[in-house]
>>> print(open('start_11.cif').read())   # mmCIF, C-alpha atoms and all ligand atoms
data_my_file
loop_
_atom_site.label_atom_id
_atom_site.label_comp_id
_atom_site.auth_asym_id
_atom_site.auth_seq_id
_atom_site.Cartn_x
_atom_site.Cartn_y
_atom_site.Cartn_z
CA MET A 118 -35.09 43.53 126.29
CA THR A 119 -35.34 45.71 123.18
CA ASP A 120 -38.08 45.46 120.56
CA ILE A 121 -35.48 43.86 118.26
CA ASP A 122 -34.68 41.20 120.89
CA ILE A 123 -38.39 40.43 121.22
CA ARG A 124 -38.96 40.35 117.47
CA SER A 125 -36.04 37.97 116.91
CA ARG A 126 -37.50 35.64 119.56
CA TYR A 127 -40.96 35.87 117.98
CA ASP A 128 -39.61 35.01 114.52
CA PHE A 129 -37.66 32.11 116.00
CA ALA A 130 -40.78 30.85 117.85
CA VAL A 131 -42.90 30.90 114.66
CA ALA A 132 -40.33 28.76 112.82
CA LEU A 133 -39.75 26.49 115.83
CA VAL A 134 -43.44 25.81 116.49
CA ARG A 135 -43.76 24.55 112.91
CA GLU A 136 -40.65 22.36 113.16
CA ALA A 137 -41.86 20.94 116.50
CA GLY A 138 -45.34 20.27 115.11
CA GLU A 139 -43.97 18.30 112.18
CA HIS A 140 -41.70 16.39 114.60
CA ALA A 141 -44.73 15.44 116.74
CA LYS A 142 -46.78 14.51 113.67
CA ASP A 143 -44.09 12.02 112.59
CA PHE A 144 -45.01 9.91 115.63
CA LEU A 145 -48.50 9.40 114.16
CA ARG A 146 -47.14 7.43 111.20
CA ASP A 147 -47.46 4.38 113.45
CA ARG A 148 -50.01 5.46 116.03
CA ALA A 149 -50.58 1.88 117.22
CA ALA A 150 -46.91 1.71 118.30
CA LEU A 151 -46.96 5.07 120.12
CA GLU A 152 -45.96 4.70 123.75
CA VAL A 153 -48.57 6.38 125.99
CA LYS A 154 -48.36 6.80 129.76
CA SER A 155 -50.98 7.93 132.25
CA LYS A 156 -49.97 10.85 134.50
CA GLY A 157 -53.32 10.81 136.34
CA PRO A 158 -57.05 10.59 135.64
CA GLN A 159 -57.67 11.45 131.96
CA ASP A 160 -54.12 12.92 131.80
CA LEU A 161 -51.85 11.29 129.23
CA ALA A 162 -48.33 11.82 127.91
CA SER A 163 -47.00 10.01 124.86
CA ALA A 164 -43.42 9.52 123.71
CA ALA A 165 -44.16 12.31 121.21
CA ASP A 166 -44.91 14.79 124.01
CA LEU A 167 -41.53 14.30 125.70
CA SER A 168 -39.52 14.11 122.48
CA THR A 169 -41.14 17.29 121.11
CA GLU A 170 -40.53 19.21 124.34
CA LEU A 171 -36.88 18.10 124.37
CA LEU A 172 -36.50 19.32 120.79
CA ILE A 173 -38.01 22.73 121.63
CA ARG A 174 -36.01 23.04 124.84
CA SER A 175 -32.72 22.25 123.15
CA ARG A 176 -33.34 24.63 120.20
CA LEU A 177 -34.21 27.47 122.59
CA GLY A 178 -31.26 26.66 124.87
CA GLU A 179 -28.86 26.86 121.92
CA ARG A 180 -30.29 30.09 120.49
CA PHE A 181 -31.27 31.99 123.67
CA PRO A 182 -29.26 30.47 126.55
CA GLU A 183 -29.99 33.51 128.73
CA ASP A 184 -33.75 32.78 128.78
CA GLY A 185 -35.72 30.64 131.24
CA PHE A 186 -37.94 27.71 130.28
CA LEU A 187 -41.17 26.22 131.61
CA GLY A 188 -42.58 23.15 129.88
CA GLU A 189 -45.34 20.71 130.76
CA GLU A 190 -43.21 17.59 130.46
CA THR A 191 -39.74 18.67 131.69
CA GLY A 192 -40.60 21.42 134.18
CA ALA A 193 -38.97 24.78 134.82
CA THR A 194 -35.53 26.32 135.07
CA ASP A 195 -34.84 28.82 137.87
CA PHE A 196 -36.17 32.26 136.94
CA ALA A 197 -34.25 35.47 137.67
CA PRO A 198 -36.11 38.82 137.89
CA GLY A 199 -36.49 40.37 134.45
CA GLN A 200 -35.49 37.20 132.65
CA GLY A 201 -37.52 36.13 129.61
CA ILE A 202 -39.35 32.81 130.08
CA TRP A 203 -40.48 30.46 127.33
CA VAL A 204 -43.73 28.69 128.24
CA VAL A 205 -44.22 25.51 126.23
CA ASP A 206 -46.78 22.77 125.78
CA PRO A 207 -45.25 20.33 123.28
CA ILE A 208 -48.65 18.78 122.54
CA ASP A 209 -51.81 20.43 123.76
CA GLY A 210 -54.64 18.03 123.15
CA THR A 211 -52.78 14.82 123.91
CA GLN A 212 -56.05 12.89 124.10
CA PRO A 213 -57.10 13.88 120.56
CA PHE A 214 -53.48 13.25 119.42
CA VAL A 215 -53.37 9.66 120.70
CA SER A 216 -56.94 9.08 119.50
CA GLY A 217 -56.23 10.04 115.88
CA LEU A 218 -58.21 13.30 116.02
CA PRO A 219 -56.85 16.50 114.43
CA SER A 220 -57.40 18.94 117.33
CA TRP A 221 -53.93 19.06 118.83
CA CYS A 222 -51.18 21.64 118.60
CA VAL A 223 -47.78 22.81 119.78
CA SER A 224 -47.89 25.96 121.91
CA ILE A 225 -44.93 28.30 122.53
CA GLY A 226 -45.40 31.51 124.52
CA PHE A 227 -43.03 34.09 125.94
CA VAL A 228 -43.34 35.99 129.22
CA GLN A 229 -41.16 38.68 130.75
CA ASP A 230 -41.65 40.74 133.92
CA GLY A 231 -45.14 39.32 134.38
CA GLU A 232 -46.22 40.30 130.87
CA ILE A 233 -47.21 37.84 128.14
CA LEU A 234 -45.31 39.20 125.11
CA PHE A 235 -46.13 36.82 122.25
CA GLY A 236 -47.27 33.36 121.29
CA ALA A 237 -47.20 30.89 118.42
CA VAL A 238 -49.53 27.88 118.17
CA TYR A 239 -49.38 25.32 115.35
CA ALA A 240 -51.90 22.59 114.61
CA PRO A 241 -50.16 20.30 112.06
CA ALA A 242 -53.15 18.07 111.31
CA LEU A 243 -55.20 21.18 110.46
CA GLY A 244 -52.37 23.08 108.72
CA GLU A 245 -53.04 26.13 110.91
CA LEU A 246 -50.47 28.38 112.55
CA PHE A 247 -51.70 31.14 114.86
CA ALA A 248 -49.35 33.86 116.09
CA GLY A 249 -49.30 37.34 117.56
CA GLY A 250 -48.28 39.43 120.52
CA VAL A 251 -47.73 42.87 121.96
CA GLY A 252 -47.31 45.16 118.94
CA ILE A 253 -47.55 42.15 116.60
CA PRO A 254 -50.90 41.57 114.83
CA ALA A 255 -52.79 38.32 115.44
CA THR A 256 -52.59 36.12 112.36
CA LEU A 257 -53.73 32.72 111.11
CA ASN A 258 -51.34 31.34 108.50
CA GLY A 259 -49.97 34.87 108.10
CA ALA A 260 -53.34 36.53 107.39
CA PRO A 261 -55.01 38.91 109.88
CA VAL A 262 -57.83 37.37 111.94
CA GLU A 263 -61.32 38.84 112.28
CA ARG A 264 -63.37 38.96 115.45
CA HIS A 265 -66.65 37.15 116.02
CA PRO A 266 -69.54 39.62 115.62
CA GLY A 267 -71.60 38.07 118.48
CA GLN A 268 -72.18 40.23 121.55
CA SER A 269 -73.69 37.60 123.84
CA ILE A 270 -73.17 33.91 124.65
CA ARG A 271 -76.48 33.28 122.85
CA GLU A 272 -75.04 34.39 119.51
CA GLY A 273 -72.52 31.63 118.77
CA ILE A 274 -70.53 28.81 120.36
CA THR A 275 -68.22 29.11 123.35
CA GLY A 276 -65.19 26.99 124.20
CA PHE A 277 -65.92 25.38 127.57
CA GLY A 278 -62.85 23.76 129.08
CA TYR A 279 -62.84 20.99 131.62
CA SER A 280 -60.20 18.79 133.22
CA PRO A 281 -60.39 16.40 136.18
CA ARG A 282 -58.34 18.91 138.19
CA ILE A 283 -61.81 20.37 138.85
CA SER A 284 -64.42 18.40 140.78
CA ALA A 285 -67.97 17.87 139.54
CA ASP A 286 -69.17 20.08 142.43
CA GLN A 287 -67.05 22.94 141.14
CA PHE A 288 -67.83 22.40 137.46
CA LEU A 289 -71.53 21.61 137.28
CA PRO A 290 -73.02 24.79 138.82
CA MET A 291 -70.98 26.89 136.38
CA PHE A 292 -71.96 24.69 133.44
CA SER A 293 -75.59 24.77 134.47
CA ARG A 294 -75.63 28.59 134.62
CA PHE A 295 -74.06 28.68 131.14
CA ILE A 296 -76.80 26.46 129.67
CA GLU A 297 -79.59 28.26 131.56
CA ARG A 298 -78.38 31.60 130.19
CA GLY A 299 -78.56 30.34 126.59
CA GLY A 300 -74.92 29.36 125.86
CA MET A 301 -73.79 26.50 123.60
CA TYR A 302 -70.57 24.73 124.53
CA PHE A 303 -67.74 23.47 122.34
CA ARG A 304 -64.81 21.30 123.48
CA ASP A 305 -62.25 19.67 121.19
CA GLY A 306 -59.67 18.52 123.77
CA SER A 307 -57.15 21.34 123.21
CA GLY A 308 -57.53 24.48 125.30
CA ALA A 309 -54.80 26.24 123.27
CA LEU A 310 -56.59 25.59 119.98
CA MET A 311 -59.99 26.61 121.30
CA LEU A 312 -58.44 29.85 122.57
CA CYS A 313 -56.87 30.45 119.15
CA ASN A 314 -60.28 29.83 117.63
CA VAL A 315 -61.60 32.66 119.79
CA ALA A 316 -58.84 34.89 118.39
CA ALA A 317 -59.83 33.78 114.87
CA GLY A 318 -63.51 34.68 115.40
CA ARG A 319 -64.76 31.10 115.20
CA LEU A 320 -65.70 30.84 118.87
CA LEU A 321 -67.32 33.64 120.88
CA GLY A 322 -65.20 33.16 123.96
CA TYR A 323 -63.67 30.61 126.31
CA VAL A 324 -64.04 29.70 129.95
CA GLU A 325 -62.30 27.10 132.12
CA ALA A 326 -62.17 26.87 135.92
CA HIS A 327 -58.48 25.88 135.92
CA ILE A 328 -55.93 25.77 133.14
CA ASN A 329 -52.14 25.62 133.27
CA SER A 330 -49.87 28.34 131.89
CA TRP A 331 -48.37 26.07 129.21
CA ASP A 332 -51.88 25.42 127.85
CA CYS A 333 -52.84 29.05 127.41
CA VAL A 334 -50.04 31.65 127.60
CA ALA A 335 -49.25 31.59 123.86
CA ALA A 336 -52.93 31.75 122.90
CA LEU A 337 -53.60 34.57 125.38
CA ALA A 338 -50.98 36.69 123.60
CA ILE A 339 -52.73 35.99 120.29
CA ILE A 340 -56.18 36.74 121.73
CA ARG A 341 -54.99 40.09 123.10
CA ALA A 342 -53.30 40.89 119.79
CA ALA A 343 -56.70 40.28 118.16
CA GLY A 344 -58.16 43.02 120.40
CA LEU A 345 -60.09 40.69 122.69
CA GLU A 346 -60.07 40.66 126.50
CA THR A 347 -58.73 38.12 128.98
CA ASN A 348 -58.51 37.97 132.75
CA ASP A 349 -55.13 38.62 134.37
CA PHE A 350 -54.06 34.98 134.06
CA LEU A 351 -50.60 35.48 135.57
CA ALA A 352 -52.06 36.93 138.82
CA ASN A 353 -51.51 34.86 141.98
CA ASP A 354 -48.58 32.95 140.45
CA GLY A 355 -50.65 31.71 137.51
CA LEU A 356 -47.41 30.91 135.68
CA ARG A 357 -46.57 28.09 138.10
CA LYS A 358 -49.96 27.21 139.59
CA GLY A 359 -52.35 27.82 136.71
CA ASN A 360 -55.52 29.86 137.10
CA TRP A 361 -59.09 30.26 135.89
CA ILE A 362 -59.54 31.74 132.45
CA VAL A 363 -62.27 33.80 130.79
CA VAL A 364 -61.83 35.43 127.37
CA GLY A 365 -63.96 37.13 124.72
CA SER A 366 -65.12 40.53 123.54
CA PRO A 367 -65.79 42.91 126.47
CA LYS A 368 -69.50 41.96 126.56
CA VAL A 369 -69.00 38.21 126.13
CA ARG A 370 -66.19 38.17 128.66
CA ALA A 371 -68.39 39.97 131.22
CA GLU A 372 -71.18 37.46 130.59
CA LEU A 373 -68.81 34.48 130.96
CA GLU A 374 -67.30 36.00 134.09
CA ALA A 375 -70.82 36.17 135.58
CA VAL A 376 -71.37 32.54 134.55
CA ARG A 377 -68.12 31.58 136.30
CA THR A 378 -68.82 33.42 139.56
CA GLY A 379 -72.58 32.96 139.67
CA SER A 380 -73.31 36.69 139.78
C1 LIG A 401 -55.37 19.90 128.41
C2 LIG A 401 -56.20 20.43 127.26
C3 LIG A 401 -57.64 20.56 127.68
C4 LIG A 401 -57.78 21.53 128.85
C5 LIG A 401 -56.92 21.09 130.01
C6 LIG A 401 -55.48 20.84 129.58
P1 LIG A 401 -53.21 18.46 127.54
O1 LIG A 401 -54.01 19.81 128.05
O2 LIG A 401 -55.77 21.71 126.85
O3 LIG A 401 -58.43 21.06 126.62
O4 LIG A 401 -59.13 21.60 129.24
O5 LIG A 401 -56.97 22.08 131.02
O6 LIG A 401 -54.77 20.30 130.68
O7 LIG A 401 -53.28 17.49 128.67
O8 LIG A 401 -53.91 17.98 126.33
O9 LIG A 401 -51.84 18.99 127.29
CA CA A 402 -52.03 21.19 127.58
CA CA A 403 -49.57 18.82 126.90
#
>>> encode(input="start_11.cif", output="structure tokens")
Amino acid sequence: MTDIDIRSRYDFAVALVREAGEHAKDFLRDRAALEVKSKGPQDLASAADLSTELLIRSRLGERFPEDGFLGEETGATDFAPGQGIWVVDPIDGTQPFVSGLPSWCVSIGFVQDGEILFGAVYAPALGELFAGGVGIPATLNGAPVERHPGQSIREGITGFGYSPRISADQFLPMFSRFIERGGMYFRDGSGALMLCNVAAGRLLGYVEAHINSWDCVAALAIIRAAGLETNDFLANDGLRKGNWIVVGSPKVRAELEAVRTGS
């Protein structure tokens, strides 16, 4: 894929994430009537989630039929070696979305040959669009982002992700180390948005014991474009199985990695 092919996909993703976000937001006009299903403990999907993913999938299928697709609600196409893959969460932060809170977003990332190339994340209720990628600066509403000046978890707030995919026995020792070492946690129900808030210098870093690729691939591209570090999320088939995640400046990431492993 040439740089022009990648750039045309990036530009398309930035426009599409906005269109999809407005489409999802329309479902909130009558939130009481929104159909919501449970997929498991504390894991919801509303009619807006499916409808928004179908919109994104069909737009991408029309414009880039040669690309693969992986979405939270409709699953994956078959992937051929070297093929570009769109990684989509139609609504990240479904619990805030159905609860009338503003911390939800649409997340569209692009991966090829095991490399995360770019991402676009749009939070309609906040009016914020984050984007960036390899060779593309990280931006918030088109303006360059600035990094958090903190060099330790004691110097700001850290996004601390949790889902019931992780047991209390796995979560609590890590959380306890974080508190003992002077960290302060922040959770708003959207991993993608918290990760973008790391890129934008609002949060120091982010850690979660397990997150899925559709939650984080787009934001990881933006974080790297902002000059921050992440673990190799796609290792060990992270695209399909998910993985742990630790991000921040080199020092904060090292500190959070030690919190995660107990070293
Ligand atoms: C979840 C959110 C949450 C994160 C979970 C995700 P959903 O996604 O991003 O913040 O901790 O790992 O599953 O269910 O809102 O799309
Ligand atoms: Ca999600
Ligand atoms: Ca979702």
>>> atom_distance(input="start_11.cif", atom1="atom CA of Ala255 of chain A", atom2="atom CA of Ala342 of chain A")
5.1 Å
>>> atom_distance(input="start_11.cif", atom1="atom CA of Ala164 of chain A", atom2="atom CA of Leu337 of chain A")
27.1 Å
>>> closest_residue(input="start_11.cif", among="A:Ile225, A:Ala285, A:Ala317, A:Val364", to="ligand CA 402 (chain A)", atoms="all atoms listed in the file")
A:Ile225
>>> residues_near_ligand(input="start_11.cif", ligand="ligand LIG 401 (chain A)", cutoff="9 Å", atoms="all atoms listed in the file", output="number ranges by chain")
A: 159-162, 166, 189, 206-214, 221-222, 277-282, 304-311, 325-329, 331-333
>>> atom_distance(input="start_11.cif", atom1="atom CA of Arg174 of chain A", atom2="atom CA of Val215 of chain A")
22.3 Å
>>> residues_around(input="start_11.cif", residues="Phe181 of chain A", least_positions_apart="4", cutoff="12 Å", atoms="all atoms listed in the file", output="CSV table (one decimal) with C-alpha atoms, in the coordinates of the input")
chain,number,residue,atom,x,y,z
A,122,ASP,CA,-34.7,41.2,120.9
A,123,ILE,CA,-38.4,40.4,121.2
A,125,SER,CA,-36.0,38.0,116.9
A,126,ARG,CA,-37.5,35.6,119.6
A,127,TYR,CA,-41.0,35.9,118.0
A,129,PHE,CA,-37.7,32.1,116.0
A,130,ALA,CA,-40.8,30.8,117.8
A,173,ILE,CA,-38.0,22.7,121.6
A,174,ARG,CA,-36.0,23.0,124.8
A,175,SER,CA,-32.7,22.2,123.2
A,176,ARG,CA,-33.3,24.6,120.2
A,177,LEU,CA,-34.2,27.5,122.6
A,185,GLY,CA,-35.7,30.6,131.2
A,186,PHE,CA,-37.9,27.7,130.3
A,200,GLN,CA,-35.5,37.2,132.6
A,201,GLY,CA,-37.5,36.1,129.6
A,202,ILE,CA,-39.4,32.8,130.1
A,203,TRP,CA,-40.5,30.5,127.3
>>> closest_residue(input="start_11.cif", among="A:Ala150, A:Val204, A:Ala193, A:Val223", to="ligand CA 403 (chain A)", atoms="only C-alpha atoms and all ligand atoms")
A:Val223
>>> closest_residue(input="start_11.cif", among="A:Val262, A:Val376, A:Leu351, A:Ile362", to="Ile339 of chain A", atoms="only C-alpha atoms")
A:Val262
>>> closest_residue(input="start_11.cif", among="A:Met291, A:Ala165, A:Leu257, A:Val131", to="ligand CA 403 (chain A)", atoms="all atoms listed in the file")
A:Ala165
>>> closest_residue(input="start_11.cif", among="A:Ser330, A:Thr378, A:Gln229, A:Thr194", to="ligand CA 403 (chain A)", atoms="all atoms listed in the file")
A:Ser330
>>> closest_residue(input="start_11.cif", among="A:Ala343, A:Ala338, A:Ala132, A:Leu373", to="Gly236 of chain A", atoms="all atoms listed in the file")
A:Ala338
